[in-house]
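Source file: start.csv; contents: CSV, C-alpha atoms.
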chain,number,residue,atom,x,y,z
A,567,MET,CA,40.0,-10.7,-0.7
A,568,LYS,CA,39.8,-9.0,2.7
A,569,ILE,CA,39.6,-5.6,1.0
A,570,LYS,CA,36.7,-6.8,-1.2
A,571,LEU,CA,34.9,-8.2,1.8
A,572,LEU,CA,35.5,-5.1,3.8
A,573,THR,CA,34.3,-2.9,0.9
A,574,LEU,CA,31.2,-5.0,0.5
A,575,LEU,CA,30.4,-4.8,4.2
A,576,LEU,CA,31.0,-1.0,4.2
A,577,LEU,CA,28.6,-0.7,1.2
A,578,ILE,CA,25.9,-2.7,3.0
A,579,PHE,CA,26.4,-0.7,6.2
A,580,THR,CA,26.4,2.6,4.4
A,581,SER,CA,23.3,1.7,2.3
A,582,SER,CA,21.4,0.6,5.4
A,583,LEU,CA,22.3,3.9,7.1
A,584,LEU,CA,21.0,5.9,4.0
A,585,ALA,CA,17.9,3.8,3.6
A,586,LYS,CA,14.8,4.9,5.4
A,587,ASN,CA,11.7,2.8,5.9
A,588,VAL,CA,8.8,4.6,4.3
A,589,LYS,CA,5.6,3.9,6.2
A,590,PHE,CA,2.3,5.0,4.9
A,591,ALA,CA,-1.4,4.2,5.2
A,592,TRP,CA,-3.1,3.1,2.1
A,593,LEU,CA,-6.9,3.6,1.9
A,594,THR,CA,-9.0,2.3,-0.9
A,595,ASP,CA,-12.7,1.5,-1.6
A,596,THR,CA,-14.0,3.4,1.4
A,597,HIS,CA,-17.4,3.8,-0.4
A,598,ILE,CA,-18.7,6.7,1.7
A,599,GLY,CA,-22.5,6.8,1.2
A,600,TYR,CA,-22.9,3.1,1.8
A,601,LYS,CA,-24.3,2.1,5.2
A,602,ASN,CA,-22.0,3.1,8.2
A,603,THR,CA,-18.9,3.5,6.0
A,604,ASP,CA,-18.5,7.1,7.3
A,605,LYS,CA,-18.1,5.7,10.9
A,606,GLY,CA,-15.6,3.2,9.6
A,607,LEU,CA,-13.5,5.8,7.9
A,608,GLU,CA,-13.6,8.1,11.0
A,609,SER,CA,-12.2,5.2,13.0
A,610,ILE,CA,-9.5,4.5,10.5
A,611,VAL,CA,-8.5,8.2,10.4
A,612,SER,CA,-8.4,8.3,14.2
A,613,SER,CA,-6.1,5.2,14.2
A,614,ILE,CA,-3.8,6.7,11.6
A,615,ASN,CA,-3.6,9.9,13.6
A,616,LYS,CA,-2.5,7.9,16.7
A,617,THR,CA,0.3,6.2,14.7
A,618,ASP,CA,3.4,8.4,14.7
A,619,SER,CA,5.4,6.1,12.4
A,620,ILE,CA,3.1,6.8,9.4
A,621,ASP,CA,4.6,9.3,7.1
A,622,PHE,CA,1.6,10.0,4.8
A,623,VAL,CA,-1.6,8.6,3.5
A,624,VAL,CA,-2.6,7.5,0.0
A,625,ALA,CA,-6.2,6.9,-1.0
A,626,THR,CA,-6.7,5.1,-4.3
A,627,GLY,CA,-10.3,5.4,-5.4
A,628,ASP,CA,-13.8,4.6,-4.7
A,629,ILE,CA,-13.8,7.1,-1.9
A,630,THR,CA,-17.6,7.3,-2.3
A,631,GLU,CA,-20.4,5.0,-3.3
A,632,LYS,CA,-22.0,7.1,-6.1
A,633,GLY,CA,-19.8,10.2,-6.3
A,634,THR,CA,-22.6,12.5,-5.2
A,635,SER,CA,-21.7,15.9,-3.9
A,636,LYS,CA,-23.0,15.0,-0.5
A,637,GLU,CA,-20.9,11.8,-0.3
A,638,LEU,CA,-17.8,13.7,-1.4
A,639,GLU,CA,-18.5,16.4,1.2
A,640,THR,CA,-18.8,13.7,3.9
A,641,ALA,CA,-15.6,12.0,2.8
A,642,LYS,CA,-13.7,15.3,2.7
A,643,SER,CA,-14.9,16.3,6.1
A,644,ILE,CA,-13.6,13.0,7.5
A,645,LEU,CA,-10.3,13.0,5.6
A,646,ASP,CA,-9.6,16.6,6.5
A,647,LYS,CA,-9.1,15.3,10.1
A,648,LEU,CA,-5.9,13.5,9.1
A,649,ASN,CA,-2.8,14.9,10.6
A,650,LYS,CA,-0.7,13.4,7.9
A,651,PRO,CA,-0.3,14.5,4.3
A,652,LEU,CA,-3.0,12.9,2.0
A,653,TYR,CA,-2.5,12.0,-1.6
A,654,ILE,CA,-5.8,10.9,-3.2
A,655,LEU,CA,-7.2,9.6,-6.5
A,656,PRO,CA,-10.7,9.1,-7.6
A,657,GLY,CA,-12.1,5.7,-8.6
A,658,ASN,CA,-14.9,4.8,-11.0
A,659,HIS,CA,-17.5,5.3,-8.2
A,660,ASP,CA,-16.2,8.8,-7.7
A,661,THR,CA,-16.4,9.7,-11.4
A,662,LYS,CA,-18.6,7.3,-13.5
A,663,TRP,CA,-21.7,7.9,-11.4
A,664,SER,CA,-20.8,11.4,-10.2
A,665,GLU,CA,-23.4,14.1,-10.7
A,666,THR,CA,-20.6,16.5,-11.6
A,667,GLY,CA,-18.5,14.1,-13.8
A,668,GLY,CA,-15.7,14.2,-11.3
A,669,ALA,CA,-15.5,18.0,-11.1
A,670,LYS,CA,-16.4,18.1,-7.4
A,671,PHE,CA,-13.6,15.6,-6.6
A,672,ILE,CA,-11.1,18.0,-8.2
A,673,GLU,CA,-12.7,21.0,-6.5
A,674,PHE,CA,-12.2,19.3,-3.1
A,675,TRP,CA,-8.8,17.8,-3.6
A,676,GLY,CA,-7.2,20.0,-6.2
A,677,ASP,CA,-6.5,17.3,-8.8
A,678,ASP,CA,-7.3,13.8,-9.9
A,679,LYS,CA,-3.7,12.7,-9.8
A,680,PHE,CA,-0.6,13.3,-7.7
A,681,VAL,CA,3.1,13.2,-7.7
A,682,PHE,CA,5.5,13.7,-4.7
A,683,GLN,CA,9.0,12.8,-3.6
A,684,PHE,CA,9.7,11.1,-0.3
A,685,ASP,CA,13.4,10.6,0.4
A,686,ASN,CA,14.7,8.7,-2.7
A,687,SER,CA,11.2,7.6,-3.8
A,688,LEU,CA,8.9,9.2,-6.3
A,689,PHE,CA,5.2,8.4,-5.8
A,690,ILE,CA,2.9,8.9,-8.7
A,691,GLY,CA,-0.9,8.4,-8.6
A,692,LEU,CA,-3.0,8.5,-11.8
A,693,ASN,CA,-6.7,8.6,-12.3
A,694,SER,CA,-7.9,5.6,-14.4
A,695,GLY,CA,-11.6,6.3,-14.1
A,696,ILE,CA,-13.8,7.9,-16.7
A,697,PRO,CA,-16.6,10.5,-16.3
A,698,TRP,CA,-19.4,8.7,-18.0
A,699,ARG,CA,-21.5,5.7,-17.1
A,700,GLY,CA,-21.0,2.3,-18.6
A,701,GLY,CA,-17.3,2.7,-19.6
A,702,GLY,CA,-14.3,0.8,-18.3
A,703,GLY,CA,-10.9,2.1,-17.0
A,704,HIS,CA,-9.2,4.7,-19.1
A,705,ILE,CA,-6.1,6.9,-18.7
A,706,GLN,CA,-6.4,10.3,-20.5
A,707,PRO,CA,-3.8,11.0,-23.2
A,708,ASP,CA,-3.0,14.3,-21.4
A,709,ASP,CA,-2.3,12.4,-18.2
A,710,LEU,CA,0.2,10.1,-20.0
A,711,ILE,CA,2.0,13.2,-21.2
A,712,TRP,CA,2.0,14.5,-17.6
A,713,LEU,CA,3.3,11.1,-16.4
A,714,GLU,CA,6.1,11.1,-19.0
A,715,GLU,CA,7.2,14.6,-17.9
A,716,LYS,CA,7.3,13.6,-14.3
A,717,LEU,CA,9.3,10.5,-15.0
A,718,ALA,CA,11.7,12.4,-17.2
A,719,LYS,CA,12.5,14.8,-14.3
A,720,SER,CA,13.3,12.1,-11.9
A,721,ASP,CA,16.9,10.9,-11.2
A,722,SER,CA,17.9,7.5,-12.5
A,723,GLY,CA,18.5,6.2,-8.9
A,724,THR,CA,15.0,7.2,-7.8
A,725,HIS,CA,12.6,4.4,-6.8
A,726,VAL,CA,9.2,5.0,-8.5
A,727,TYR,CA,5.9,3.8,-7.1
A,728,PHE,CA,3.0,4.1,-9.5
A,729,LEU,CA,-0.5,3.9,-7.9
A,730,PHE,CA,-3.8,3.7,-9.7
A,731,ILE,CA,-7.0,1.9,-9.3
A,732,ILE,CA,-7.9,-1.0,-11.7
A,733,LEU,CA,-11.5,-0.9,-12.6
Mind turning this structure into structure tokens?
Amino acid sequence: MKIKLLTLLLLIFTSSLLAKNVKFAWLTDTHIGYKNTDKGLESIVSSINKTDSIDFVVATGDITEKGTSKELETAKSILDKLNKPLYILPGNHDTKWSETGGAKFIEFWGDDKFVFQFDNSLFIGLNSGIPWRGGGGHIQPDDLIWLEEKLAKSDSGTHVYFLFIIL
């Protein structure tokens, strides 16, 4: 009995040593283009930059109000001031009403989805917006294949966090 208890305590102690608290900032629905939202986002970015314990930032959609190139440029100029890694997804406001059908978003941030490993956790972000007006949420078949490939490459002990915006 003592050996089992000692083993259990050792496992708990060891797992607590190996576990790392992941701390990240999560931005969503910033709606740049709506009145004074740029000032609000600048304040948030400043606060994040002053917080050493934050490991990274995720932004999950509706970064802009209408997805215009000007709004996206404003959002990018503010988010570029982050001193932490940024992982970003578009929302329906960034694609559905976008004058470029979401192409400008991809031009600025490189993709409309993300995947990254942090310690023993896999973070996956997937775009669920569509590039035309009037439609609801949708995940592209190619993105599902991409997701399946990313999950297949992960270890069985990996914690997976799946992020997307629900429209």
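Closest approach to Ile610 (chain A) from the set A:Gly667, A:Ala591, A:His597, A:Thr626 is made by A:Ala591, with distances taken over only C-alpha atoms.
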- Contacts of Leu652 (chain A) within 8 Å, only C-alpha atoms, excl. fewer than 4 positions in-chain, as a list in words: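 Close residues of Leu652 (chain A): Phe622, Val623, Val624, Ala625 and Leu648 of chain A.
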Proximity of region 619-680 of chain A to region 706-714 of chain A: per-residue shortest pair, 12 Å limit, only C-alpha atoms, as CSV:
residue,atom,partner,partner_atom,distance
A:Asp677,CA,A:Asp709,CA,11.4
A:Asp678,CA,A:Asp709,CA,9.8
A:Lys679,CA,A:Asp709,CA,8.5
A:Phe680,CA,A:Leu713,CA,9.8
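In this structure, CA of Trp675 (chain A) sits 21.1 Å away from CA of Tyr600 (chain A).
Between CA of Leu729 (chain A) and CA of Leu645 (chain A) the interatomic distance comes to 19.0 Å.
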- Which residues come within 9 Å of Phe728 (chain A), counting only C-alpha atoms, excluding same-chain residues fewer than 3 positions away, as a list in words?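 Counting only the stated atoms, we get Leu688, Phe689, Ile690, Gly691 and Leu692 of chain A.
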What's around Thr594 (chain A) at 12 Å? Count all atoms listed in the file, leave out sequence neighbours fewer than 4 positions away in its own chain, and write the answer as a PDB file with C-alpha atoms, keeping the file's coordinate frame.
ATOM      1  CA  ILE A 598     -18.700   6.700   1.700  1.00  0.00           C
ATOM      2  CA  LEU A 607     -13.500   5.800   7.900  1.00  0.00           C
ATOM      3  CA  ILE A 610      -9.500   4.500  10.500  1.00  0.00           C
ATOM      4  CA  VAL A 623      -1.600   8.600   3.500  1.00  0.00           C
ATOM      5  CA  VAL A 624      -2.600   7.500   0.000  1.00  0.00           C
ATOM      6  CA  ALA A 625      -6.200   6.900  -1.000  1.00  0.00           C
ATOM      7  CA  THR A 626      -6.700   5.100  -4.300  1.00  0.00           C
ATOM      8  CA  GLY A 627     -10.300   5.400  -5.400  1.00  0.00           C
ATOM      9  CA  ASP A 628     -13.800   4.600  -4.700  1.00  0.00           C
ATOM     10  CA  ILE A 629     -13.800   7.100  -1.900  1.00  0.00           C
ATOM     11  CA  THR A 630     -17.600   7.300  -2.300  1.00  0.00           C
ATOM     12  CA  GLU A 631     -20.400   5.000  -3.300  1.00  0.00           C
ATOM     13  CA  TYR A 653      -2.500  12.000  -1.600  1.00  0.00           C
ATOM     14  CA  ILE A 654      -5.800  10.900  -3.200  1.00  0.00           C
ATOM     15  CA  LEU A 655      -7.200   9.600  -6.500  1.00  0.00           C
ATOM     16  CA  PRO A 656     -10.700   9.100  -7.600  1.00  0.00           C
ATOM     17  CA  GLY A 657     -12.100   5.700  -8.600  1.00  0.00           C
ATOM     18  CA  ASN A 658     -14.900   4.800 -11.000  1.00  0.00           C
ATOM     19  CA  HIS A 659     -17.500   5.300  -8.200  1.00  0.00           C
ATOM     20  CA  ASP A 660     -16.200   8.800  -7.700  1.00  0.00           C
ATOM     21  CA  LEU A 729      -0.500   3.900  -7.900  1.00  0.00           C
ATOM     22  CA  PHE A 730      -3.800   3.700  -9.700  1.00  0.00           C
ATOM     23  CA  ILE A 731      -7.000   1.900  -9.300  1.00  0.00           C
ATOM     24  CA  ILE A 732      -7.900  -1.000 -11.700  1.00  0.00           C
TER      25      ILE A 732
END
- Message: Let me make sure I understand: among A:Gln683, A:Lys616, A:Gly695, A:Lys716, which one has the smallest atom-to-atom distance to Lys647 (chain A) if we use only C-alpha atoms?
- Response: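 That would be A:Lys616, the residue with the smallest distance to Lys647 (chain A).
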- Query: Of the candidates A:Ser613, A:Gly599, A:Leu593, A:Ser687, which one gets nearest to Glu639 (chain A) if we count all atoms listed in the file?
  - Reply: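 Closest to Glu639 (chain A), using all atoms listed in the file: A:Gly599.
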- Note on the structure: CA of Asn615 (chain A) sits from CA of Lys650 (chain A) at a separation of 7.3 Å
